[in-house]
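Asker: I am sharing entry-v4.txt, which consists of compact mmCIF, C-alpha atoms and all ligand atoms:
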```txt
# COMPACT_ATOMS: atom_id res chain seq x y z
CA MET A 1 0.00 0.00 0.00
CA THR A 2 1.75 3.15 -1.14
CA SER A 3 0.88 6.65 -0.04
CA THR A 4 -0.15 9.30 -2.57
CA TYR A 5 2.75 11.39 -1.34
CA SER A 6 5.40 8.70 -1.25
CA LEU A 7 6.88 8.66 -4.74
CA ALA A 8 10.23 6.96 -4.25
CA HIS A 9 9.01 3.88 -6.14
CA LEU A 10 8.15 5.79 -9.33
CA PRO A 11 10.48 5.55 -12.34
CA ASP A 12 11.85 8.94 -13.46
CA HIS A 13 9.73 9.07 -16.62
CA ASP A 14 6.51 8.38 -14.74
CA LEU A 15 7.40 10.95 -12.10
CA LEU A 16 8.00 13.65 -14.73
CA ASP A 17 4.82 12.68 -16.63
CA HIS A 18 2.74 12.85 -13.47
CA LEU A 19 4.21 16.21 -12.55
CA ALA A 20 3.46 17.64 -16.00
CA ALA A 21 -0.10 16.30 -15.81
CA LEU A 22 -0.56 17.84 -12.37
CA VAL A 23 0.68 21.22 -13.57
CA ALA A 24 -1.75 21.07 -16.51
CA ALA A 25 -4.61 20.13 -14.17
CA ASP A 26 -3.59 22.89 -11.78
CA GLN A 27 -3.74 25.45 -14.59
CA GLN A 28 -7.23 24.33 -15.55
CA THR A 29 -8.31 24.43 -11.92
CA THR A 30 -6.88 27.92 -11.57
CA ALA A 31 -8.87 29.12 -14.60
CA ALA A 32 -12.06 27.56 -13.20
CA LEU A 33 -11.29 29.06 -9.77
CA LEU A 34 -10.87 32.53 -11.34
CA ALA A 35 -14.21 32.13 -13.14
CA HIS A 36 -15.96 31.18 -9.89
CA LEU A 37 -14.30 34.01 -7.97
CA ALA A 38 -15.29 36.46 -10.70
CA GLU A 39 -18.92 35.32 -10.58
CA VAL A 40 -19.10 35.37 -6.75
CA ASP A 41 -17.50 38.83 -6.87
CA ALA A 42 -19.94 40.08 -9.51
CA ARG A 43 -22.89 38.77 -7.52
CA ALA A 44 -21.39 40.21 -4.31
CA LEU A 45 -22.14 36.94 -2.55
CA TYR A 46 -19.56 37.82 0.06
CA LEU A 47 -21.97 40.33 1.57
CA PRO A 48 -24.56 37.80 2.81
CA ALA A 49 -21.62 35.84 4.17
CA ALA A 50 -20.89 38.79 6.47
CA CYS A 51 -17.76 39.81 4.63
CA ALA A 52 -17.23 43.41 3.71
CA SER A 53 -15.32 42.60 0.56
CA MET A 54 -14.36 39.80 -1.72
CA HIS A 55 -10.89 39.92 -0.19
CA VAL A 56 -12.21 39.39 3.31
CA TYR A 57 -14.33 36.49 2.01
CA CYS A 58 -11.32 34.84 0.41
CA VAL A 59 -9.22 35.17 3.55
CA ARG A 60 -11.80 34.48 6.21
CA VAL A 61 -14.08 31.94 4.51
CA LEU A 62 -11.89 30.36 1.85
CA HIS A 63 -8.75 30.60 4.02
CA LEU A 64 -6.52 31.91 1.26
CA SER A 65 -3.52 33.95 2.33
CA GLU A 66 -3.88 37.72 1.94
CA ASP A 67 -1.42 37.68 -0.91
CA ALA A 68 -3.04 34.75 -2.74
CA ALA A 69 -6.45 36.33 -2.33
CA TYR A 70 -5.26 39.67 -3.66
CA LYS A 71 -3.67 38.11 -6.73
CA ARG A 72 -6.61 35.86 -7.56
CA ILE A 73 -9.20 38.59 -7.19
CA ARG A 74 -7.24 40.96 -9.44
CA ALA A 75 -6.77 38.21 -12.01
CA ALA A 76 -10.43 37.18 -11.80
CA ARG A 77 -11.60 40.73 -12.39
CA ALA A 78 -9.29 41.14 -15.36
CA ALA A 79 -10.43 37.82 -16.81
CA ARG A 80 -14.07 38.79 -16.39
CA ARG A 81 -13.37 41.89 -18.45
CA PHE A 82 -11.30 39.99 -21.00
CA PRO A 83 -12.50 36.35 -21.09
CA ALA A 84 -9.60 35.33 -23.36
CA ILE A 85 -7.56 35.29 -20.15
CA PHE A 86 -9.47 32.26 -18.85
CA ALA A 87 -8.41 30.16 -21.82
CA ALA A 88 -4.84 31.45 -21.63
CA VAL A 89 -4.57 30.48 -17.94
CA ALA A 90 -6.25 27.11 -18.53
CA ASP A 91 -3.75 26.03 -21.16
CA GLY A 92 -0.73 27.43 -19.35
CA ARG A 93 0.06 30.39 -21.62
CA LEU A 94 -0.36 32.91 -18.78
CA HIS A 95 0.40 32.45 -15.10
CA LEU A 96 -1.27 34.52 -12.41
CA ALA A 97 1.61 36.99 -12.16
CA ALA A 98 1.38 37.59 -15.92
CA VAL A 99 -2.34 38.35 -15.73
CA ILE A 100 -1.76 40.84 -12.90
CA LEU A 101 1.05 42.57 -14.77
CA LEU A 102 -0.98 42.80 -17.98
CA ALA A 103 -4.25 43.84 -16.37
CA PRO A 104 -3.64 47.64 -16.19
CA HIS A 105 -2.70 47.73 -19.88
CA LEU A 106 -5.55 45.64 -21.29
CA THR A 107 -8.13 47.38 -23.46
CA ASP A 108 -10.47 46.08 -26.14
CA GLU A 109 -7.82 47.13 -28.66
CA THR A 110 -4.73 45.73 -26.89
CA ALA A 111 -5.98 42.59 -25.09
CA ASP A 112 -5.54 39.92 -27.75
CA GLU A 113 -2.15 41.19 -28.90
CA LEU A 114 -0.76 41.64 -25.36
CA ILE A 115 -1.95 38.20 -24.25
CA ALA A 116 -0.24 36.67 -27.29
CA ALA A 117 2.98 38.62 -26.72
CA ALA A 118 3.14 37.64 -23.05
CA SER A 119 2.35 33.95 -23.63
CA HIS A 120 4.75 31.60 -21.83
CA GLY A 121 6.79 34.60 -20.64
CA SER A 122 8.39 34.67 -17.21
CA LYS A 123 7.44 37.50 -14.86
CA ALA A 124 10.74 39.26 -15.59
CA GLU A 125 10.26 38.92 -19.36
CA ILE A 126 6.75 40.38 -19.18
CA GLU A 127 7.96 43.26 -17.00
CA LEU A 128 10.55 44.00 -19.68
CA LEU A 129 7.96 43.73 -22.46
CA LEU A 130 5.69 46.20 -20.69
CA ALA A 131 8.56 48.58 -19.91
CA GLN A 132 9.40 48.65 -23.62
CA ARG A 133 5.80 49.29 -24.67
CA TYR A 134 4.78 51.58 -21.82
CA PRO A 135 7.97 53.40 -20.72
CA ARG A 136 7.87 55.08 -17.34
CA PRO A 137 10.06 58.01 -16.27
CA ASP A 138 13.30 57.31 -14.42
CA VAL A 139 13.04 56.96 -10.69
CA PRO A 140 14.99 59.94 -9.26
CA ALA A 141 18.15 58.93 -7.40
CA LEU A 142 17.34 59.21 -3.74
CA LEU A 143 19.37 58.52 -0.64
CA GLN A 144 17.57 59.00 2.62
CA PRO A 145 17.13 57.11 5.88
CA LEU A 146 14.06 54.92 6.05
CA PRO A 147 11.58 55.52 8.85
CA GLY A 148 12.78 53.66 11.92
CA ALA A 149 16.23 52.88 10.53
CA VAL A 150 17.98 55.31 12.85
CA GLN A 151 16.21 53.87 15.84
CA VAL A 152 17.35 50.35 14.88
CA ASP A 153 20.94 51.42 14.29
CA GLN A 154 21.17 53.18 17.64
CA ARG A 155 20.28 50.11 19.63
CA ALA A 156 23.35 48.94 21.46
CA PRO A 157 24.84 46.70 22.57
CA GLY A 158 23.86 43.58 20.68
CA PRO A 159 23.40 42.75 17.01
CA VAL A 160 21.52 45.23 14.87
CA ASP A 161 18.34 43.72 13.50
CA ALA A 162 18.48 43.42 9.76
CA ALA A 163 15.66 45.09 7.86
CA PRO A 164 13.62 42.68 5.76
CA PRO A 165 15.06 42.37 2.24
CA THR A 166 13.63 45.10 0.05
CA THR A 167 15.87 44.81 -3.00
CA LYS A 168 14.05 45.33 -6.24
CA VAL A 169 15.25 45.86 -9.79
CA ALA A 170 12.40 46.82 -12.07
CA PRO A 171 12.60 47.72 -15.76
CA LEU A 172 11.06 51.15 -16.38
CA ALA A 173 11.74 51.69 -20.05
CA PRO A 174 14.24 50.36 -22.61
CA GLN A 175 17.72 50.48 -21.01
CA ARG A 176 16.37 52.01 -17.79
CA PHE A 177 15.88 50.18 -14.50
CA ALA A 178 14.81 51.27 -11.05
CA LEU A 179 16.93 49.85 -8.23
CA GLN A 180 15.48 49.94 -4.77
CA VAL A 181 17.54 48.54 -1.94
CA THR A 182 17.80 48.94 1.80
CA ILE A 183 21.39 49.40 2.98
CA GLY A 184 23.05 49.37 6.38
CA GLN A 185 24.88 52.27 8.00
CA ALA A 186 28.31 50.97 6.94
CA THR A 187 27.26 50.61 3.30
CA HIS A 188 25.64 54.02 3.43
CA ASP A 189 28.90 55.53 4.72
CA LYS A 190 30.94 53.75 2.02
CA LEU A 191 28.60 55.02 -0.66
CA LEU A 192 28.95 58.61 0.53
CA ARG A 193 32.73 58.24 0.78
CA ALA A 194 32.95 56.84 -2.78
CA GLN A 195 30.70 59.66 -3.97
CA ALA A 196 32.99 62.23 -2.33
CA LEU A 197 36.21 60.66 -3.67
CA LEU A 198 34.74 60.57 -7.18
CA ARG A 199 33.60 64.21 -7.20
CA HIS A 200 36.35 65.31 -9.60
CA ARG A 201 35.18 62.73 -12.15
CA VAL A 202 31.48 62.74 -11.32
CA PRO A 203 30.84 66.33 -10.19
CA SER A 204 27.08 65.76 -10.02
CA GLY A 205 27.61 62.88 -7.59
CA ASP A 206 24.99 60.83 -9.46
CA LEU A 207 24.59 57.58 -7.58
CA ASP A 208 24.11 55.53 -10.75
CA GLN A 209 27.58 56.60 -11.94
CA VAL A 210 29.14 55.94 -8.54
CA ILE A 211 27.58 52.47 -8.45
CA ASP A 212 28.62 51.80 -12.06
CA ARG A 213 32.28 52.55 -11.28
CA ALA A 214 32.14 50.55 -8.08
CA LEU A 215 30.75 47.57 -9.99
CA ASP A 216 33.48 47.88 -12.67
CA THR A 217 36.10 47.55 -9.95
CA LEU A 218 34.26 44.71 -8.23
CA LEU A 219 33.76 42.78 -11.49
CA ASP A 220 37.45 43.15 -12.39
CA ASP A 221 38.36 41.70 -9.02
CA LEU A 222 35.82 38.85 -9.18
CA GLU A 223 36.71 37.90 -12.75
CA ARG A 224 40.38 37.81 -11.84
CA LYS A 225 39.70 35.50 -8.90
CA LYS A 226 37.07 33.31 -10.50
CA PHE A 227 38.14 33.10 -14.13
CA ALA A 228 41.80 34.21 -13.91
CA ALA A 229 40.89 37.20 -16.08
CA THR A 230 43.77 39.58 -16.64
CA HIS A 231 44.69 42.48 -18.88
CA ARG A 232 48.16 40.94 -19.34
CA PRO A 233 47.64 37.21 -19.93
CA ARG A 234 50.72 35.01 -19.72
CA ALA A 235 50.73 31.75 -21.63
CA THR A 236 51.49 28.69 -19.56
CA LYS A 237 55.08 27.58 -20.13
CA ALA A 238 55.49 24.79 -22.65
CA GLY A 239 54.82 21.47 -21.02
CA ALA A 240 53.68 23.03 -17.78
CA ALA A 241 49.98 22.42 -18.44
CA THR A 242 50.56 18.79 -19.29
CA LYS A 243 52.79 18.34 -16.31
CA ALA A 244 50.37 20.13 -13.99
CA GLY A 245 47.43 18.30 -15.56
CA ALA A 246 49.06 14.95 -14.96
CA ALA A 247 49.67 15.73 -11.32
CA THR A 248 46.67 17.77 -10.24
CA ARG A 249 43.05 18.52 -10.96
CA ARG A 250 43.80 22.25 -10.74
CA VAL A 251 42.71 24.09 -13.86
CA PRO A 252 45.57 26.32 -15.16
CA ASN A 253 44.80 30.03 -15.48
CA ASP A 254 45.10 30.12 -19.28
CA VAL A 255 42.61 27.23 -19.51
CA LYS A 256 40.24 29.09 -17.16
CA ARG A 257 40.43 32.17 -19.37
CA ALA A 258 39.79 30.18 -22.55
CA VAL A 259 36.87 28.22 -21.04
CA HIS A 260 35.40 31.43 -19.65
CA ALA A 261 35.65 33.03 -23.10
CA ARG A 262 34.08 29.96 -24.75
CA ASP A 263 31.26 29.23 -22.28
CA GLY A 264 30.56 32.79 -21.18
CA GLU A 265 29.35 33.29 -17.65
CA GLN A 266 26.62 30.68 -17.92
CA CYS A 267 26.31 27.01 -17.06
CA ALA A 268 27.23 24.96 -20.14
CA PHE A 269 24.93 22.05 -19.32
CA VAL A 270 22.67 21.17 -22.28
CA SER A 271 19.66 18.88 -22.05
CA GLU A 272 18.91 16.04 -24.46
CA ASP A 273 16.46 18.38 -26.15
CA GLY A 274 19.21 20.90 -26.70
CA ASP A 275 18.15 23.39 -24.02
CA ARG A 276 21.01 25.04 -22.16
CA CYS A 277 20.89 25.76 -18.45
CA THR A 278 20.52 29.51 -17.87
CA GLU A 279 22.14 29.61 -14.42
CA ARG A 280 24.78 32.32 -14.10
CA GLY A 281 25.55 31.95 -10.41
CA PHE A 282 27.42 29.25 -8.48
CA LEU A 283 29.54 28.45 -11.56
CA GLU A 284 32.39 25.96 -11.20
CA PHE A 285 35.05 24.59 -13.55
CA ASP A 286 34.25 20.95 -14.26
CA HIS A 287 36.26 18.18 -15.90
CA VAL A 288 34.22 16.81 -18.83
CA VAL A 289 35.84 13.43 -18.17
CA PRO A 290 36.19 13.17 -14.39
CA PHE A 291 39.74 13.71 -13.11
CA ALA A 292 39.56 10.34 -11.35
CA ARG A 293 39.02 8.72 -14.74
CA GLY A 294 41.92 10.41 -16.44
CA GLY A 295 40.24 13.69 -17.43
CA GLN A 296 42.74 16.47 -18.02
CA PRO A 297 42.30 20.18 -17.29
CA THR A 298 42.62 21.17 -20.93
CA VAL A 299 40.31 23.61 -22.74
CA PRO A 300 38.26 20.89 -24.49
CA GLY A 301 38.33 18.83 -21.30
CA THR A 302 36.96 21.61 -19.07
CA ARG A 303 33.62 23.40 -18.92
CA LEU A 304 31.71 25.77 -16.67
CA LEU A 305 28.80 24.18 -14.80
CA CYS A 306 26.52 25.52 -12.11
CA SER A 307 26.90 23.69 -8.82
CA SER A 308 23.61 21.82 -9.36
CA HIS A 309 24.68 20.46 -12.73
CA ASN A 310 28.20 19.80 -11.48
CA GLN A 311 26.67 17.64 -8.76
CA TYR A 312 24.25 16.07 -11.21
CA GLU A 313 27.07 15.09 -13.57
CA ALA A 314 29.16 13.70 -10.71
CA ASP A 315 26.21 11.58 -9.59
CA ARG A 316 25.78 10.31 -13.15
CA SER A 317 29.46 9.39 -13.41
CA PHE A 318 30.06 7.81 -10.01
CA GLY A 319 26.59 7.02 -8.66
CA SER A 320 24.75 9.13 -6.14
CA ALA A 321 25.58 6.87 -3.15
CA PHE A 322 29.31 7.20 -3.79
CA MET A 323 29.05 10.97 -4.28
CA GLN A 324 26.96 11.41 -1.13
CA GLU A 325 29.62 9.62 0.89
CA ARG A 326 32.30 11.73 -0.76
CA ARG A 327 30.46 14.97 -0.02
CA ALA A 328 29.90 13.92 3.59
CA ARG A 329 33.63 13.24 3.91
CA ALA A 330 34.48 16.60 2.33
CA GLU A 331 32.13 18.35 4.75
CA MET A 332 33.73 16.57 7.69
CA GLU A 333 37.19 17.52 6.48
CA ALA A 334 36.11 21.15 6.12
CA ASP A 335 34.80 21.08 9.70
CA VAL A 336 38.04 19.56 10.99
CA THR A 337 40.07 22.16 9.08
CA LEU A 338 37.99 24.93 10.63
CA GLY A 339 38.40 23.36 14.06
CA LEU A 340 42.17 23.23 13.68
CA ARG A 341 42.24 26.86 12.53
CA GLY A 342 40.23 27.73 15.62
CA LEU A 343 42.90 26.05 17.76
CA GLY A 344 45.56 28.27 16.24
CA TRP A 345 47.08 26.31 13.37
CA THR A 346 47.65 27.96 10.02
CA ALA A 347 45.53 27.06 7.00
CA ALA A 348 48.47 25.18 5.44
CA GLU A 349 49.09 23.19 8.62
CA ALA A 350 45.40 22.35 8.98
CA ARG A 351 45.17 21.21 5.35
CA HIS A 352 48.33 19.12 5.75
CA ALA A 353 47.01 17.43 8.89
CA VAL A 354 43.64 16.65 7.28
CA ALA A 355 45.29 15.24 4.15
CA GLN A 356 47.83 13.16 6.08
CA SER A 357 45.18 11.66 8.36
CA ALA A 358 42.66 10.93 5.58
CA HIS A 359 43.60 7.23 5.41
CA LEU A 360 43.07 6.65 9.15
CA PRO A 361 39.77 5.03 10.24
CA ALA A 362 37.46 7.75 11.62
CA ALA A 363 33.73 7.22 12.00
CA THR A 364 32.95 10.52 13.70
CA ILE A 365 34.22 14.07 13.48
CA GLU A 366 35.85 13.64 16.90
CA ASP A 367 37.83 10.63 15.58
CA ARG A 368 38.82 12.63 12.53
CA MET A 369 39.91 15.58 14.64
CA ARG A 370 41.95 13.35 16.91
CA ALA A 371 43.64 11.74 13.90
CA ALA A 372 44.50 15.14 12.40
CA LEU A 373 45.85 16.37 15.74
CA GLY A 374 48.00 13.27 15.89
CA VAL A 375 49.63 14.32 12.63
CA LEU A 376 50.24 17.84 13.91
CA HIS A 377 51.66 16.52 17.17
CA VAL A 378 54.33 14.60 15.26
CA ARG A 379 55.22 17.65 13.23
CA TYR A 380 55.40 19.93 16.24
CA THR A 381 57.42 17.45 18.25
CA SER A 382 60.03 17.17 15.53
CA ARG A 383 60.09 20.94 15.13
CA CYS A 384 60.63 21.33 18.88
CA SER A 385 63.42 18.81 18.89
CA ASP A 386 65.14 20.98 16.28
CA GLY A 387 64.89 23.88 18.68
CA ALA A 388 62.46 25.75 16.43
CA GLY A 389 60.25 26.89 19.30
CA PRO A 390 57.95 25.77 22.08
CA CYS A 391 55.10 23.33 21.44
CA TRP A 392 52.56 24.66 23.89
CA GLN A 393 49.94 24.89 21.10
CA THR A 394 50.23 21.19 20.41
CA THR A 395 49.98 20.25 24.07
CA THR A 396 47.01 22.49 24.67
CA ALA A 397 45.21 21.33 21.57
CA CYS A 398 45.90 17.64 22.13
CA SER A 399 44.77 17.72 25.72
CA SER A 400 41.62 19.59 24.75
CA VAL A 401 40.34 16.74 22.62
CA SER A 402 41.77 13.66 24.32
ZN ZN A 501 23.27 24.41 -14.77
```
Could you spell out this file's structure in structure tokens?
Answerer:
Amino acid sequence: MTSTYSLAHLPDHDLLDHLAALVAADQQTTAALLAHLAEVDARALYLPAACASMHVYCVRVLHLSEDAAYKRIRAARAARRFPAIFAAVADGRLHLAAVILLAPHLTDETADELIAAASHGSKAEIELLLAQRYPRPDVPALLQPLPGAVQVDQRAPGPVDAAPPTTKVAPLAPQRFALQVTIGQATHDKLLRAQALLRHRVPSGDLDQVIDRALDTLLDDLERKKFAATHRPRATKAGAATKAGAATRRVPNDVKRAVHARDGEQCAFVSEDGDRCTERGFLEFDHVVPFARGGQPTVPGTRLLCSSHNQYEADRSFGSAFMQERRARAEMEADVTLGLRGLGWTAAEARHAVAQSAHLPAATIEDRMRAALGVLHVRYTSRCSDGAGPCWQTTTACSSVS
């Protein structure tokens, strides 16, 4: 007897088919729900139910969240005015967010064309579409404390409560975006300092120019660290790549630059249907043929993958059980390294101890820590015998875990 919600027995194909069928059914249900809401709203049946508005009825009687109620009522009213919306929601061309975005712009003249243009668009794509067709004026640059922010910042001692995230980037018109973000006192001070230091180049002090220059500097730094980007590239010495490739999984800088140029800053994973992953964050260099199976860090042998696809490919190559065990071990080693750093050892010493004790049996993190400390104790003892300095750190650390 299997539960409706226990799906571990389903083959992948069946699972995906069921999910697609459920989404299709959900879309049809949503369209029917909007039609019912629209009719109840039009008949004002919420009034005899002792609700002052359709919104109150949805929240109090139907137990929808305030947000869900708000969205569905707005969509239902738009669909009642333009019934083509019902069909578009039922067959999955428009989601609720799309209907709400389109609603203010729908007229008898524009409805059919706008619904067609927005079909299967993401929320961001439809916002862009509308910004291009109905440009809004720029939001004036504004820097001012939010109500209550000063009060929060002045509370001391103790951690300052973070304001809820309010970041928003909204397209206003072609090439123009409004950025709204809440910043802390330190960021505020840095922004003013950058504005002041840039006055000779940006006399107006326009924040968009200050932010643009700050981002240029940040991107240079990040690209250099992540993709080995440089204005003065040096070719790897002849034979060095092969030699390094044979000995290590490390991807040489010139290979990083070439792979970055080839793949762009986007995951290179492509589905069987030819669709490429659009993830641009959490990118990692990946060996096309796993390093453990002889893969070399060459340009054709390396690609950029997002961490999800990197993990997915590793699972496909080695099996998920093996990879889970490997990840658990890596996590434990990271914890032990951190623990050793906390006890005063350098990063190099901690890494050395973890690597040298990797072969020792250790079922728990305490066992692993003890094994790593054993390695360090040997090193420190020999250093002390050479007269290189006292070994109080070793003694303290060893006694603290034994
Ligand atoms: Zn990906």
Asker: List the spatial neighbours of Met332 (chain A) as a count of residues only - criterion: any atom at most 12 Å away, only C-alpha atoms, same-chain residues fewer than 4 positions off excluded.
Answerer: 19
Asker: Using all atoms listed in the file, what are the residues with an atom within 8 Å of ligand ZN 501 (chain A), set out as number ranges by chain?
Answerer: A: 266-269, 276-279, 305-310
Asker: Would you work out the distance separating CA of Ala49 (chain A) from CA of Ala78 (chain A), expressed in Å to one decimal?
Answerer: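 Atom-to-atom, CA of Ala49 (chain A) to CA of Ala78 (chain A), that is 23.7 Å.
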Asker: Mind pulling up the distance from CA of Ala314 (chain A) to CA of Arg329 (chain A)?
Answerer: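 Computing it gives 15.3 Å between the two atoms.
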Asker: Expressed in Å to a single decimal, how great is the separation between CA of His359 (chain A) and CA of Ala371 (chain A)?
Answerer: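 Here the two named atoms are 9.6 Å from each other.
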Asker: Nearest to Lys225 (chain A): which of A:Asn253, A:Ala261, A:Arg199, A:Ser271 is it, counting all atoms listed in the file?
Answerer: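 Smallest distance to Lys225 (chain A) is found for A:Asn253.
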Asker: Here is a test: counting all atoms listed in the file, which residue of A:Leu34, A:Ala69, A:Ile211, A:Val59 is nearest to Ile85 (chain A)?
Answerer: A:Leu34
Asker: Write out as a list in words which residues come within 10 Å of Pro135 (chain A) when counting all atoms listed in the file, dropping same-chain ones fewer than 6 positions away.
Answerer: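 Counting only the stated atoms, we get Leu128, Leu129, Pro171, Leu172, Ala173, Pro174 and Arg176 of chain A.
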Asker: Near Val99 (chain A), counting only C-alpha atoms, which residues have an atom at most 9 Å away, once you skip same-chain residues fewer than 2 positions from it, shown as a PyMOL selection string?
Answerer: chain A and resi 74-75+78-79+85+89+94-97+101-103+115
Asker: Excluding Ala111 (chain A) and its own-chain neighbours fewer than 5 positions away, which residues fall within 10 Å of it when counting all atoms listed in the file? Please give them as number ranges by chain.
Answerer: A: 81-85, 102-103, 105-106, 116-117
Asker: Which is closest to Lys256 (chain A) among A:Pro300, A:Val270, A:Thr30, A:Val289, if we use all atoms listed in the file?
Answerer: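 Ranked by minimum distance to Lys256 (chain A), first place goes to A:Pro300.
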Asker: Identify which of the residues A:Gly264, A:Arg370, A:Asp138, A:Trp345 lies closest to Ser357 (chain A), counting all atoms listed in the file when measuring atom-to-atom distances.
Answerer: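 Of all the options, A:Arg370 lies closest to Ser357 (chain A).
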Asker: Point out the residue among A:Ala76, A:Ala214, A:Ile100, A:Ala20 with the least atom-to-atom distance to Leu33 (chain A), counting all atoms listed in the file.
Answerer: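 Looking at the shortest contact to Leu33 (chain A), the residue is A:Ala76.
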Asker: What are the centre and edge lengths in Å, to one decimal, of the axis-aligned box around all listed atoms of region 165-184 of chain A with 4 Å added on each side, as AutoDock Vina command-line options?
Answerer:
```
--center_x 17.1 --center_y 47.2 --center_z -8.1 --size_x 20.0 --size_y 17.6 --size_z 37.0
```
Asker: Dump as number ranges by chain all residues having an atom at most 9 Å from (42.2, 25.5, -15.3), computed in the file's coordinates with only C-alpha atoms.
Answerer: A: 227-228, 241, 245, 249-259, 285, 297-299, 302
